[in-house]
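Student: Below is a structure I'd like to ask you about.
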Amino acid sequence: MASASHGAVAFAGTSASDLLRSSTNGVSGVSLKTLGRLPLKLKRRDFTVSAKIKKGKKHEYPWPDNPDPDVKGGVLTHLSHFKPLKEKQKPVTLDFERPLVELEKKINDVRKMAKDTGLDFSDQIILLETKYQQALKDLYARLTPIQRVGIARHPNRPTFLDHIFNITDKFVELHGDRAGYDDPAIVTGIGTIDGRRYMFIGQQKGRNTKENIQRNFGMPTPHGYRKALRMMYYADHHGFPIITFIDTPGAYADLKSEELGQGEAIAHNLRTMFGLKVPIVSIVIGEGGSGGALAIGCANKLLMLENAVFYVASPEACAAILWKTSKASPQAAEKLRITAKELCKLQVADGVIPEPLGGAHADPSWTSQQIKFAINETMDELTKMETEDLLKHRMLKYRKIGGVQEGVAIDPKWKVNMKKKEQPDTKRIPDAELEGEVEKLKEQILKAKTSTTKPPESDVEAIIQQVKDEVDQEYSEAVKAMGLMDKLVKLREEVSKANAEDQLIHPVLKDKIEKLKEEFNQRLSAAPNYERLQNKLGILKKLSQVKFLADRNKKAVTLKQDFSAKLEDIINSPSIKEKYETLKAEVEGSGVSSPRDLDDKLKKKIIEFKKEVELQLVDALKSKGLEVEIVKAKAQDNIGESSLSLIEELNKDVYKGIENALNSPGLKSKIELLKMEVAKAGNNLDLTLKNRIVALEQQIKQSLAETMSTSSLKEKFDSITSKTSSMNEFSGESDEDPAGDGLTHDELREKVGANRTYS
């Protein structure tokens with residue numbers, strides 16, 4: 001209560017703010033200029049100021065010395081402004097849970113009947129409860145993404161402060177952003193878990209309509225994010241690990257928040273969290289929406305409750321943008337990959353905290369204890385890290401999200417979710433035109449084969465790809481015509497799902513694939529486009545042959561060119577040229593007219609020179625990555641026409657002698673006996689039968705050898721041998737030189753068929 005008085009100027013009823021008005025207005029209608037001329041004398045007794053202090057209940061802060069442990073709800077509830085609700089929350093049934101309501105109603109009716117009549121219905125109640133639990137288990141085992149969104153938004157789901165008072169030993173809430181505002185949508189404070197002190201920051205929703213309005217439905221303003229930022233700096237300064245709880249549909253997006261810098265506040269938090277030197281763990285307990293969740297979610301570890309969701313845009317917003325209606329939200333929720341399990345696969349989240357059947361609201365205390373275990377386990381891991389490792393760990397967690405390395409094949413489990421490349425519509429080429437193209441390409445390749453030049457570049461691969469696409473299209477049309485498309489689509493989905501989950505294909509699924517394949521093959525001939533498909537397959541086969549010829553021809557031409565270049569380099573090398581000129585001079589100086597008249601020393605020099613050139617050529621080709629093998633020249637290449645006619649004549653005599661021997665009574669009977677013994681032995685060949693068969697074979701071979709050793713055959717054989725050896729004298733090869741190119745006695749025997757066996 002304040003009052004003021006003055007003798008010269010009346011101030012009755014004038015407030016303090018009126019005394020400080022602008023100088024243009026003056027005081028009580030009198031200008032300050034006039035007021036300055038008046039003699040103003042203030043005495044101590046003329047002006048007095050007084051104030052009354054409202055008495056209230058004295059609070060011991062932050063903790064009383066001796067708190068009463070028997071206070072209802074515990075010490076934390078007694079000290080906190082967050083009190084248990086006076087009225088119990090009304091049960092809320094989600095749409096997909098409606099089938100369970102009937103079972104629950106039956107159980108309650110039976111219990112009421114048992115109570116009213118006094119009869120024992122315990123067996124029926126147990127049976128119904130078992131059925132209810134099984135139905136509940138089956139329902140929650142196959143929840144769809146949009147159903148999990150509904151659970152995450154459940155009105156009775158435990159909030160941040162519910163979990164805090166369940167898991168902490170002590171907790172003191174800290175208020176204000178030190179800029180004139182305290183946002184109730186974000187709650188911060190210091191608490192202890194099992195003796196460890198942490199800084200807790202969380203987004204708080206209301207438990208009823210009144211609280212939701214007070215907490216702004218869990219949507220923070222810039223003041224809330226700046227309060228969180230202040231607490232992060234505080235924790236970093238004092239070395240407190242930070243635990244954040246995310247549960248918001250998004251940052252508050254009204255005009256005032258935008259004017260106060262909502263985007264800047266979120267960005268500032270993002271930047272700061274990457275530089276904090278203390279461990280940070282974020283837990284999504286409900287829904288984490290867009291930047292409003294990220295502003296307190298840049299952590300070393302991101303954990304999610306089993307039915308929590310984390311998204312960049314809500315399913316309803318996504319559906320409204322892409323499908324122009326929010327009714328497509330189930331489809332959008334599936335495509336967004338927003339559930340805990342999907343985000344762990346994508347390496348966005350680092351762990352899933354289990355929830356009881358029915359969601360976290362079915363047993364909040366149990367859920368809180370699971371969160372406590374996860375916090376302790378994660379903090380045990382993070383507190384062991386050095387500061388630099390901690391910062392690097394946080395940075396790499398977000399750097400690796402969505403990373404793709406160029407030139408590396410994409411993992412099938414990621415590729416299965418990618419949008420298929422849209423193939424441009426290509427016009428079909430008539431079969432006759434395609435066949436003409438194939439023949440034309442074949443002619444070009446065969447012409448190029450005869451020349452040493454590089455074959456012309458052709459578009460064989462492009463045509464093959466086009467024909468393959470047309471064959472695939474024909475197969476698709478055949479599948480549609482046979483009515484197997486639905487089965488094929490279902491099988492594809494099952495296989496894709498198995499590949500995405502890194503599972504082996506189940507034998508039942510393999511059996512389905514084989515049955516579909518068998519059915520398709522059996523009914524293919526009845527398809528309306530069967531002939532067209534066969535024509536395309538035939539053309540594709542021809543094109544493959546053409547491609548093979550083209551590749552082989554191209555490789556052969558390249559090898560020829562390399563070989564010619566290397567041979568030219570070797571021949572033109574100074575050392576080889578010098579040796580060649582020296583040998584040439586020696587041969588010309590010897591004065592002989594025929595190579596066979598050269599002396600043995602000069603022949604040996606020529607052979608050594610030849611081998612040296614060959615070795616250099618082999619080394620040069622090996623340096624190109626080619627495998628080189630020196631093969632003996634064919635014997636007939638060094639045999640004259642007269643020798644060939646003698647060999648043919650000798651072969652005729654040999655065949656005639658063998659035929660006569662086989663028709664002789666003694667040898668014929670031995671062959672028949674051998675056949676009988678072999679047939680008798682069958683698969684059970686004992687030692688006695690084996691010895692008998694071997695003895696018969698030796699007798700038959702000996703009889704044939706005696707037939708071949710006639711004097712006329714021997715004379716012809718010796719004549720051919722002497723002729724071939726004289727023809728190979730210049731090459732320096734003899735029977736003692738196994739590496740030579742001459743025709744040895746064994747090779748000649750092969751020529752005339754002397755080594756054949758007839759057993």
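Starting from 1 in every chain, residues are counted up; chains themselves are A, B, ... following the order of the structure tokens, and ligands are numbered from 1 as listed.
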Per residue of stretch 278-369 of chain A within 12 Å of stretch 207-224 of chain A, what are the shortest atom pair and its distance in Å to one decimal, counting only C-alpha atoms, with rows by chain and residue number, as CSV?
Tutor:
residue,atom,partner,partner_atom,distance
A:Gly286,CA,A:Gly218,CA,10.8
A:Glu287,CA,A:Gly218,CA,10.3
A:Gly288,CA,A:Gly218,CA,10.7
A:Gly289,CA,A:Met219,CA,9.7
A:Ser290,CA,A:Met219,CA,11.4
A:Gly291,CA,A:Pro220,CA,11.0
A:Gly292,CA,A:Pro220,CA,7.5
A:Ala293,CA,A:Met219,CA,9.7
A:Ala295,CA,A:Pro220,CA,10.3
A:Ile296,CA,A:Gly224,CA,10.6
A:His361,CA,A:Arg207,CA,11.5
Student: If you take only C-alpha atoms and a cut-off of 10 Å, which residues of stretch 119-159 of chain A touch stretch 84-94 of chain A, and what are their nearest atom pairs and distances in Å to one decimal, in chain and number order, as a Markdown table?
Tutor:
| residue | atom | partner | partner_atom | distance |
| --- | --- | --- | --- | --- |
| A:Gln147 | CA | A:Leu94 | CA | 8.6 |
| A:Gly150 | CA | A:Leu94 | CA | 7.3 |
| A:Ile151 | CA | A:Leu94 | CA | 8.0 |
| A:His154 | CA | A:Val92 | CA | 7.8 |
| A:Pro155 | CA | A:Val92 | CA | 7.5 |
| A:Asn156 | CA | A:Gln89 | CA | 6.9 |
Student: Go ahead and dump the residues you just picked, N, CA and C atoms, as a compact mmCIF listing (two decimals), in the first residue's frame.
Tutor:
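Here's the written file out_27.txt:
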# COMPACT_ATOMS: atom_id res chain seq x y z
N GLN A 147 -1.99 -49.45 -35.69
CA GLN A 147 -2.49 -49.86 -34.37
C GLN A 147 -1.50 -49.48 -33.27
N GLY A 150 -1.97 -45.94 -32.43
CA GLY A 150 -3.10 -45.77 -31.51
C GLY A 150 -2.71 -46.05 -30.06
N ILE A 151 -1.89 -47.09 -29.84
CA ILE A 151 -1.45 -47.41 -28.48
C ILE A 151 -0.53 -46.31 -27.95
N HIS A 154 -2.53 -43.49 -26.62
CA HIS A 154 -3.61 -43.87 -25.70
C HIS A 154 -3.72 -42.84 -24.56
N PRO A 155 -4.93 -42.37 -24.24
CA PRO A 155 -5.09 -41.33 -23.20
C PRO A 155 -4.58 -41.76 -21.83
N ASN A 156 -4.61 -43.08 -21.52
CA ASN A 156 -4.19 -43.56 -20.20
C ASN A 156 -2.73 -44.00 -20.16
Student: Name the residues of stretch 212-367 of chain A that fall into strand (DSSP E) according to DSSP on the backbone, using the chain letters and numbers of this document, as a PyMOL selection string.
Tutor: chain A and resi 242-248+280-289+301-305+309-311+351-353
Student: Just checking: using only C-alpha atoms, which residue out of A:Ala498, A:Leu673, A:Ile463, A:Ile242 ends up closest to A:Lys547?
Tutor: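 Under the stated criterion, the closest residue is A:Ile463.
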Student: Write out as a PDB file with all heavy atoms, in the first residue's frame which residues come within 7 Å of A:Val172 when counting only C-alpha atoms, dropping same-chain ones fewer than 2 positions away.
Tutor:
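Contents of the output file out_35.pdb:
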ATOM      1  N   PRO A  62      15.423 -28.069  -0.925  1.00  0.00           N
ATOM      2  CA  PRO A  62      14.615 -28.971  -1.739  1.00  0.00           C
ATOM      3  C   PRO A  62      14.108 -30.187  -0.980  1.00  0.00           C
ATOM      4  O   PRO A  62      13.162 -30.827  -1.402  1.00  0.00           O
ATOM      5  CB  PRO A  62      15.591 -29.402  -2.829  1.00  0.00           C
ATOM      6  CG  PRO A  62      16.928 -29.361  -2.170  1.00  0.00           C
ATOM      7  CD  PRO A  62      16.855 -28.236  -1.175  1.00  0.00           C
ATOM      8  N   LYS A 170      15.213 -39.992  -5.723  1.00  0.00           N
ATOM      9  CA  LYS A 170      14.923 -38.589  -5.411  1.00  0.00           C
ATOM     10  C   LYS A 170      14.816 -37.829  -6.716  1.00  0.00           C
ATOM     11  O   LYS A 170      15.508 -38.144  -7.690  1.00  0.00           O
ATOM     12  CB  LYS A 170      16.039 -37.969  -4.556  1.00  0.00           C
ATOM     13  CG  LYS A 170      16.153 -38.534  -3.154  1.00  0.00           C
ATOM     14  CD  LYS A 170      17.270 -37.835  -2.393  1.00  0.00           C
ATOM     15  CE  LYS A 170      17.389 -38.362  -0.971  1.00  0.00           C
ATOM     16  NZ  LYS A 170      18.474 -37.682  -0.222  1.00  0.00           N
ATOM     17  N   LEU A 174      13.365 -28.588 -11.830  1.00  0.00           N
ATOM     18  CA  LEU A 174      13.982 -27.274 -12.054  1.00  0.00           C
ATOM     19  C   LEU A 174      13.161 -26.542 -13.102  1.00  0.00           C
ATOM     20  O   LEU A 174      12.768 -27.136 -14.120  1.00  0.00           O
ATOM     21  CB  LEU A 174      15.431 -27.432 -12.519  1.00  0.00           C
ATOM     22  CG  LEU A 174      16.349 -28.224 -11.574  1.00  0.00           C
ATOM     23  CD1 LEU A 174      17.718 -28.398 -12.203  1.00  0.00           C
ATOM     24  CD2 LEU A 174      16.469 -27.536 -10.227  1.00  0.00           C
ATOM     25  N   GLY A 189      14.654 -31.709 -14.437  1.00  0.00           N
ATOM     26  CA  GLY A 189      15.008 -31.836 -13.030  1.00  0.00           C
ATOM     27  C   GLY A 189      16.146 -32.812 -12.827  1.00  0.00           C
ATOM     28  O   GLY A 189      16.543 -33.548 -13.740  1.00  0.00           O
ATOM     29  N   ILE A 190      16.684 -32.809 -11.595  1.00  0.00           N
ATOM     30  CA  ILE A 190      17.782 -33.698 -11.223  1.00  0.00           C
ATOM     31  C   ILE A 190      17.213 -34.817 -10.362  1.00  0.00           C
ATOM     32  O   ILE A 190      16.404 -34.572  -9.453  1.00  0.00           O
ATOM     33  CB  ILE A 190      18.879 -32.943 -10.450  1.00  0.00           C
ATOM     34  CG1 ILE A 190      19.455 -31.827 -11.328  1.00  0.00           C
ATOM     35  CG2 ILE A 190      19.985 -33.882 -10.004  1.00  0.00           C
ATOM     36  CD1 ILE A 190      20.421 -30.925 -10.609  1.00  0.00           C
ATOM     37  N   GLY A 191      17.630 -36.044 -10.639  1.00  0.00           N
ATOM     38  CA  GLY A 191      17.166 -37.186  -9.867  1.00  0.00           C
ATOM     39  C   GLY A 191      18.240 -38.245  -9.779  1.00  0.00           C
ATOM     40  O   GLY A 191      19.256 -38.191 -10.471  1.00  0.00           O
TER      41      GLY A 191
END
Student: By how many Å are atom CA of A:Glu97 and atom CA of A:Leu139 apart?
Tutor: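 Taking atom CA of A:Glu97 and atom CA of A:Leu139, their separation equals 8.1 Å.
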Student: Taking into account only C-alpha atoms, which residue in the set A:Leu357, A:Leu516, A:Val348, A:Met485 is nearest to A:Tyr398?
Tutor: A:Val348
Student: A:Ser669, A:Ile464, A:Glu648, A:Phe200: which is nearest A:Gly538, counting only C-alpha atoms?
Tutor: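 For A:Gly538, the nearest of the candidates is A:Ile464.
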Student: Could you check which of A:Lys106, A:Lys277, A:Lys541, A:Lys656 is closest to A:Ala235, using only C-alpha atoms?
Tutor: A:Lys277
Student: So the first atom is atom CA of A:Asp236 and the second is atom CA of A:Met385; what is the distance between them in Å, to one decimal place?
Tutor: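 About the pair atom CA of A:Asp236 and atom CA of A:Met385: they are 15.5 Å apart.
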